[in-house]
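Please read the structure below before turning to the comments.
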Amino acid sequence: MTDETANQADIDRVNFLLTLRRRGISDQAVLRAMGEVSRTAFVSPDTIASAYADQALPIECGQTISQPYVVGYMTEQLGLKPHHRVLEIGTGSGYQAAILAKLAREVVSIERYRTLADQARRRLGAEGAANVEVIVGDGFEGCPDRAPFDRIIVTAAAEEVPEALAEQLADGGVMIMPLGPENGPQHLVKLTKSQTPEGVRLGQEKLIPVRFVPMLRGKAREL
Ligand code: SAH
């Protein structure tokens, strides 16, 4: 990298954080984590020049790395504490997992494409995120062996809240996920699990409109 491109990269990163703030991300810990993780390490080589633009970008297997604002927003809404154990569905590039890893004790992330899981594992290793475990599997089933989770974040859209995930959420736990059809209107929901005298309650709050790739059933047959 020449000095000039290094300077440009610094400028891009400063602008990136300013954009997140301007759009309303105010949690200092989230902004710090997003300032520390290099998004260039998680995008494809052919989109590296756009790594710090506030947009989703294509990655391998026809998937996308989420828009930074949406990553910041979902992370902020999770209200992570350093002792939390987190489940992520949809590892993709590993970028969201890298942010979660800075803010929580442990992250288990499930991806249905082996290619993406292997690549994300390598990238997370290179970034020093030792507290993330990437598993190839079907996110609709969650990870019962490791449940309950204090927080669950789903980064692919489903029509309904997967039952296994609601079950694997701890009491008092929070889950954020996009709901809606593949090519129709989607919005984020925040689910909060609590015990009431009548039994377990899953409170649901509707958040912002979004656009995510669909959550698909089963491990991917292709790599
Ligand atoms: N969090 C990612 C965003 C990835 S896009 C990032 O930061 O880059 C959503 C990902 O969810 C895709 O990689 C897709 O393959 C994956 N996915 C879709 N359905 C899934 C399922 N049932 N189980 C696990 N992963 C799934």
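Going by the structure tokens order, chains are called A, B, ..., each with residues numbered from 1, while ligands are numbered from 1 in the order shown.
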
Near ligand 1, 6 Å: chain A residue rows, closest pairs, only C-alpha atoms and all ligand atoms, as a tab-separated table:
residue	atom	partner	partner_atom_place_in_ligand_line	distance
A:Gln63	CA	ligand 1	12 (C)	5.2
A:Thr64	CA	ligand 1	5 (S)	4.8
A:Ile65	CA	ligand 1	8 (O)	3.6
A:Ser66	CA	ligand 1	3 (C)	5.2
A:Ile89	CA	ligand 1	24 (C)	5.3
A:Gly90	CA	ligand 1	11 (O)	3.2
A:Thr91	CA	ligand 1	1 (N)	4.7
A:Gly92	CA	ligand 1	13 (O)	3.4
A:Ser93	CA	ligand 1	8 (O)	3.8
A:Gly94	CA	ligand 1	7 (O)	5.0
A:Tyr95	CA	ligand 1	7 (O)	4.1
A:Gln96	CA	ligand 1	7 (O)	3.9
A:Ile110	CA	ligand 1	24 (C)	5.1
A:Glu111	CA	ligand 1	25 (N)	3.7
A:Arg112	CA	ligand 1	24 (C)	4.2
A:Tyr113	CA	ligand 1	15 (O)	5.6
A:Gly137	CA	ligand 1	24 (C)	5.9
A:Asp138	CA	ligand 1	23 (N)	3.9
A:Gly139	CA	ligand 1	23 (N)	3.4
A:Phe140	CA	ligand 1	22 (N)	5.1
A:Thr155	CA	ligand 1	9 (C)	5.1
A:Ala156	CA	ligand 1	9 (C)	4.6
A:Val213	CA	ligand 1	9 (C)	5.9
A:Pro214	CA	ligand 1	18 (C)	5.9
A:Met215	CA	ligand 1	19 (N)	3.4
A:Leu216	CA	ligand 1	19 (N)	4.1
A:Arg217	CA	ligand 1	22 (N)	4.8
A:Gly218	CA	ligand 1	22 (N)	5.9

Distance query His83 of chain A at most 12 Å, only C-alpha atoms, self and fewer than 6 positions along chain excluded, as a list in words: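 Here the answer would be Leu100, Ala101, Lys102, Leu103, Ala104, Arg105, Glu106, Val107, Asn131, Phe149, Asp150 and Arg151 of chain A.
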
Could you take the residues named above and write them with all heavy atoms, as a CSV table (one decimal), in the first residue's frame?
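Saved as again-v6.csv:
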chain,number,residue,atom,x,y,z
A,100,LEU,N,-19.6,-8.6,17.1
A,100,LEU,CA,-20.1,-9.2,18.3
A,100,LEU,C,-19.1,-9.7,19.2
A,100,LEU,O,-19.2,-9.5,20.4
A,100,LEU,CB,-21.0,-10.4,17.9
A,100,LEU,CG,-22.3,-10.1,17.0
A,100,LEU,CD1,-22.9,-11.4,16.5
A,100,LEU,CD2,-23.3,-9.3,17.7
A,101,ALA,N,-18.0,-10.2,18.6
A,101,ALA,CA,-16.9,-10.8,19.4
A,101,ALA,C,-16.2,-9.8,20.3
A,101,ALA,O,-15.7,-10.1,21.3
A,101,ALA,CB,-15.9,-11.5,18.5
A,102,LYS,N,-16.2,-8.5,19.8
A,102,LYS,CA,-15.6,-7.4,20.6
A,102,LYS,C,-16.4,-7.1,21.8
A,102,LYS,O,-15.9,-6.4,22.7
A,102,LYS,CB,-15.5,-6.2,19.7
A,102,LYS,CG,-14.6,-6.3,18.5
A,102,LYS,CD,-13.3,-5.6,18.8
A,102,LYS,CE,-12.3,-5.8,17.6
A,102,LYS,NZ,-10.9,-5.9,18.1
A,103,LEU,N,-17.7,-7.4,21.8
A,103,LEU,CA,-18.6,-6.9,22.8
A,103,LEU,C,-19.2,-7.9,23.7
A,103,LEU,O,-19.9,-7.6,24.7
A,103,LEU,CB,-19.8,-6.2,22.1
A,103,LEU,CG,-19.4,-4.9,21.2
A,103,LEU,CD1,-20.5,-4.6,20.3
A,103,LEU,CD2,-19.0,-3.8,22.1
A,104,ALA,N,-19.0,-9.2,23.4
A,104,ALA,CA,-19.6,-10.3,24.2
A,104,ALA,C,-18.5,-11.3,24.5
A,104,ALA,O,-17.4,-11.3,24.0
A,104,ALA,CB,-20.7,-11.0,23.4
A,105,ARG,N,-18.8,-12.2,25.4
A,105,ARG,CA,-17.8,-13.2,25.9
A,105,ARG,C,-17.6,-14.3,24.8
A,105,ARG,O,-16.5,-14.7,24.6
A,105,ARG,CB,-18.3,-13.9,27.2
A,105,ARG,CG,-17.4,-15.0,27.7
A,105,ARG,CD,-17.7,-15.2,29.2
A,105,ARG,NE,-19.0,-15.8,29.4
A,105,ARG,CZ,-19.2,-17.1,29.6
A,105,ARG,NH1,-18.3,-17.9,29.5
A,105,ARG,NH2,-20.5,-17.5,29.9
A,106,GLU,N,-18.7,-14.7,24.2
A,106,GLU,CA,-18.6,-15.9,23.3
A,106,GLU,C,-19.6,-15.7,22.2
A,106,GLU,O,-20.8,-15.3,22.4
A,106,GLU,CB,-18.9,-17.1,24.1
A,106,GLU,CG,-18.6,-18.4,23.5
A,106,GLU,CD,-19.1,-19.6,24.3
A,106,GLU,OE1,-19.1,-19.5,25.6
A,106,GLU,OE2,-19.5,-20.6,23.7
A,107,VAL,N,-19.2,-16.1,21.0
A,107,VAL,CA,-20.1,-16.0,19.8
A,107,VAL,C,-20.1,-17.4,19.1
A,107,VAL,O,-19.1,-17.9,18.8
A,107,VAL,CB,-19.7,-14.9,18.8
A,107,VAL,CG1,-20.7,-14.9,17.6
A,107,VAL,CG2,-19.6,-13.6,19.5
A,131,ASN,N,-12.8,-15.7,20.3
A,131,ASN,CA,-14.0,-16.1,21.0
A,131,ASN,C,-15.2,-16.4,20.1
A,131,ASN,O,-16.4,-16.3,20.5
A,131,ASN,CB,-14.4,-15.1,22.1
A,131,ASN,CG,-14.5,-13.7,21.5
A,131,ASN,OD1,-14.0,-13.4,20.5
A,131,ASN,ND2,-15.2,-12.9,22.3
A,149,PHE,N,-28.8,-19.1,25.0
A,149,PHE,CA,-28.0,-17.9,24.6
A,149,PHE,C,-28.7,-16.6,25.2
A,149,PHE,O,-29.9,-16.5,25.1
A,149,PHE,CB,-28.0,-17.8,23.1
A,149,PHE,CG,-27.2,-19.0,22.4
A,149,PHE,CD1,-27.9,-20.1,22.0
A,149,PHE,CD2,-25.8,-19.0,22.4
A,149,PHE,CE1,-27.2,-21.2,21.4
A,149,PHE,CE2,-25.2,-20.0,21.8
A,149,PHE,CZ,-25.9,-21.1,21.3
A,150,ASP,N,-27.8,-15.7,25.6
A,150,ASP,CA,-28.3,-14.4,26.2
A,150,ASP,C,-28.9,-13.6,25.0
A,150,ASP,O,-29.8,-12.8,25.2
A,150,ASP,CB,-27.2,-13.7,26.9
A,150,ASP,CG,-26.6,-14.5,28.0
A,150,ASP,OD1,-27.3,-14.8,28.9
A,150,ASP,OD2,-25.4,-14.8,27.9
A,151,ARG,N,-28.3,-13.7,23.9
A,151,ARG,CA,-28.7,-12.9,22.7
A,151,ARG,C,-28.6,-13.7,21.5
A,151,ARG,O,-27.7,-14.6,21.3
A,151,ARG,CB,-27.7,-11.7,22.5
A,151,ARG,CG,-27.6,-10.7,23.7
A,151,ARG,CD,-28.9,-9.9,23.8
A,151,ARG,NE,-28.9,-8.9,24.8
A,151,ARG,CZ,-29.4,-9.1,26.1
A,151,ARG,NH1,-29.9,-10.2,26.5
A,151,ARG,NH2,-29.4,-8.0,26.9

As a VMD selection string, please: all residues of segment 129-215 of chain A that backbone DSSP puts in strand (DSSP E). chain A and resid 132 to 136 149 to 154 169 to 179 186 to 196 199 to 210

Just want the 12 Å neighbourhood of Leu18 of chain A, counted on only C-alpha atoms, with same-chain residues fewer than 4 positions away dropped. Output as a PDB file with N, CA, C and O atoms, in the first residue's frame.
ATOM      1  N   ILE A  11      -9.017   8.003   5.904  1.00  0.00           N
ATOM      2  CA  ILE A  11     -10.116   8.964   5.687  1.00  0.00           C
ATOM      3  C   ILE A  11     -11.437   8.206   5.551  1.00  0.00           C
ATOM      4  O   ILE A  11     -12.449   8.586   6.136  1.00  0.00           O
ATOM      5  N   ASP A  12     -11.419   7.111   4.782  1.00  0.00           N
ATOM      6  CA  ASP A  12     -12.636   6.309   4.596  1.00  0.00           C
ATOM      7  C   ASP A  12     -13.167   5.817   5.939  1.00  0.00           C
ATOM      8  O   ASP A  12     -14.364   5.798   6.182  1.00  0.00           O
ATOM      9  N   ARG A  13     -12.256   5.408   6.819  1.00  0.00           N
ATOM     10  CA  ARG A  13     -12.682   4.867   8.118  1.00  0.00           C
ATOM     11  C   ARG A  13     -13.277   5.939   9.015  1.00  0.00           C
ATOM     12  O   ARG A  13     -14.230   5.693   9.738  1.00  0.00           O
ATOM     13  N   VAL A  14     -12.687   7.134   8.967  1.00  0.00           N
ATOM     14  CA  VAL A  14     -13.225   8.242   9.776  1.00  0.00           C
ATOM     15  C   VAL A  14     -14.623   8.603   9.263  1.00  0.00           C
ATOM     16  O   VAL A  14     -15.570   8.740  10.038  1.00  0.00           O
ATOM     17  N   ARG A  22     -24.082   9.877  12.382  1.00  0.00           N
ATOM     18  CA  ARG A  22     -25.098  10.762  11.795  1.00  0.00           C
ATOM     19  C   ARG A  22     -26.411  10.024  11.593  1.00  0.00           C
ATOM     20  O   ARG A  22     -27.484  10.569  11.775  1.00  0.00           O
ATOM     21  N   ARG A  23     -26.310   8.742  11.249  1.00  0.00           N
ATOM     22  CA  ARG A  23     -27.537   7.959  11.032  1.00  0.00           C
ATOM     23  C   ARG A  23     -28.168   7.508  12.347  1.00  0.00           C
ATOM     24  O   ARG A  23     -29.212   6.879  12.343  1.00  0.00           O
ATOM     25  N   GLY A  24     -27.485   7.778  13.475  1.00  0.00           N
ATOM     26  CA  GLY A  24     -28.160   7.543  14.757  1.00  0.00           C
ATOM     27  C   GLY A  24     -27.553   6.479  15.653  1.00  0.00           C
ATOM     28  O   GLY A  24     -28.098   6.170  16.713  1.00  0.00           O
ATOM     29  N   ILE A  25     -26.427   5.877  15.248  1.00  0.00           N
ATOM     30  CA  ILE A  25     -25.775   4.913  16.147  1.00  0.00           C
ATOM     31  C   ILE A  25     -25.041   5.736  17.210  1.00  0.00           C
ATOM     32  O   ILE A  25     -24.160   6.530  16.885  1.00  0.00           O
ATOM     33  N   SER A  26     -25.406   5.547  18.487  1.00  0.00           N
ATOM     34  CA  SER A  26     -24.808   6.400  19.512  1.00  0.00           C
ATOM     35  C   SER A  26     -24.093   5.617  20.612  1.00  0.00           C
ATOM     36  O   SER A  26     -23.381   6.209  21.417  1.00  0.00           O
ATOM     37  N   LEU A  31     -19.719   1.765  18.512  1.00  0.00           N
ATOM     38  CA  LEU A  31     -18.915   2.581  17.590  1.00  0.00           C
ATOM     39  C   LEU A  31     -17.429   2.221  17.700  1.00  0.00           C
ATOM     40  O   LEU A  31     -16.732   2.133  16.697  1.00  0.00           O
ATOM     41  N   ARG A  32     -16.977   1.978  18.929  1.00  0.00           N
ATOM     42  CA  ARG A  32     -15.576   1.601  19.122  1.00  0.00           C
ATOM     43  C   ARG A  32     -15.291   0.274  18.414  1.00  0.00           C
ATOM     44  O   ARG A  32     -14.311   0.138  17.682  1.00  0.00           O
ATOM     45  N   MET A  34     -16.864  -1.043  15.938  1.00  0.00           N
ATOM     46  CA  MET A  34     -16.921  -0.894  14.483  1.00  0.00           C
ATOM     47  C   MET A  34     -15.725  -0.116  13.948  1.00  0.00           C
ATOM     48  O   MET A  34     -15.330  -0.277  12.793  1.00  0.00           O
ATOM     49  N   GLY A  35     -15.137   0.705  14.802  1.00  0.00           N
ATOM     50  CA  GLY A  35     -13.914   1.409  14.417  1.00  0.00           C
ATOM     51  C   GLY A  35     -12.704   0.487  14.432  1.00  0.00           C
ATOM     52  O   GLY A  35     -11.738   0.707  13.706  1.00  0.00           O
ATOM     53  N   TYR A  52     -15.751   0.717   2.927  1.00  0.00           N
ATOM     54  CA  TYR A  52     -16.251   1.620   3.966  1.00  0.00           C
ATOM     55  C   TYR A  52     -17.432   2.463   3.522  1.00  0.00           C
ATOM     56  O   TYR A  52     -17.832   3.395   4.214  1.00  0.00           O
ATOM     57  N   ALA A  53     -17.996   2.112   2.371  1.00  0.00           N
ATOM     58  CA  ALA A  53     -19.239   2.797   1.957  1.00  0.00           C
ATOM     59  C   ALA A  53     -20.375   2.170   2.770  1.00  0.00           C
ATOM     60  O   ALA A  53     -20.318   0.997   3.110  1.00  0.00           O
ATOM     61  N   ASP A  54     -21.403   2.977   3.069  1.00  0.00           N
ATOM     62  CA  ASP A  54     -22.492   2.446   3.884  1.00  0.00           C
ATOM     63  C   ASP A  54     -23.481   1.672   3.010  1.00  0.00           C
ATOM     64  O   ASP A  54     -24.607   2.081   2.795  1.00  0.00           O
ATOM     65  N   PRO A  68     -23.226  -1.507   6.780  1.00  0.00           N
ATOM     66  CA  PRO A  68     -22.691  -1.164   8.104  1.00  0.00           C
ATOM     67  C   PRO A  68     -23.715  -0.534   9.053  1.00  0.00           C
ATOM     68  O   PRO A  68     -23.742  -0.867  10.236  1.00  0.00           O
ATOM     69  N   TYR A  69     -24.560   0.348   8.541  1.00  0.00           N
ATOM     70  CA  TYR A  69     -25.557   0.967   9.419  1.00  0.00           C
ATOM     71  C   TYR A  69     -26.449  -0.104  10.060  1.00  0.00           C
ATOM     72  O   TYR A  69     -26.753  -0.044  11.253  1.00  0.00           O
TER      73      TYR A  69
END

DSSP-assigned helix (DSSP H, G or I) members of segment 22-219 of chain A, reported as a VMD selection string: chain A and resid 22 28 to 36 39 to 41 45 to 50 60 to 62 68 to 78 95 to 103 114 to 126 139 to 141 144 to 146 163 to 168

Just checking: using only C-alpha atoms, which residue out of A:Gln8, A:Gln28, A:Gln77, A:Gln119 ends up closest to Ser44 of chain A? A:Gln119

Ranking A:Ser194, A:Gln67, A:Ser38, A:Thr5 by minimum distance to Thr19 of chain A and counting only C-alpha atoms, which one comes first?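 Closest residue, counting only C-alpha atoms: A:Gln67.
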
Between atom CA of Ala51 of chain A and atom CA of Thr75 of chain A, what is the distance, to one decimal in Å?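 Taking atom CA of Ala51 of chain A and atom CA of Thr75 of chain A, their separation equals 18.9 Å.
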
Using Å and a single decimal, report how far atom CA of Gly199 of chain A sits from atom CA of Met175 of chain A.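 Straight-line distance from atom CA of Met175 of chain A to atom CA of Gly199 of chain A works out to 18.4 Å.
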
Measuring atom to atom with only C-alpha atoms, identify which of A:Pro58, A:Val132, A:Glu198, A:Leu78 is nearest to Gly173 of chain A. A:Leu78

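Nearest to Val134 of chain A of all the residues A:Leu87, A:Ala98, A:Val108, A:Leu116 is A:Val108, based on only C-alpha atoms.
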
What gap, in Å, lies between atom CA of Phe212 of chain A and atom CA of Glu60 of chain A?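 One can read the atom CA of Phe212 of chain A to atom CA of Glu60 of chain A distance as 15.4 Å.
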
Quick one: of A:Val86, A:Val71, A:Val30, A:Ala9, who's nearest to Ser50 of chain A, counting only C-alpha atoms?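 Distance minimum relative to Ser50 of chain A lands on A:Ala9.
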
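Look at Ile176 of chain A: the protein and nucleic acid residues within 8 Å of it, using only C-alpha atoms and passing over chain neighbours fewer than 4 places away, are Met74, Gln77, Leu78, Ile152, Ile153, Val154, Leu188, Val189, Lys190 and Leu191 of chain A.
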
Pick out the closest residue to Ala97 of chain A from this set: A:Glu182, A:Leu124, A:Arg85, A:Glu76. Count only C-alpha atoms. A:Leu124
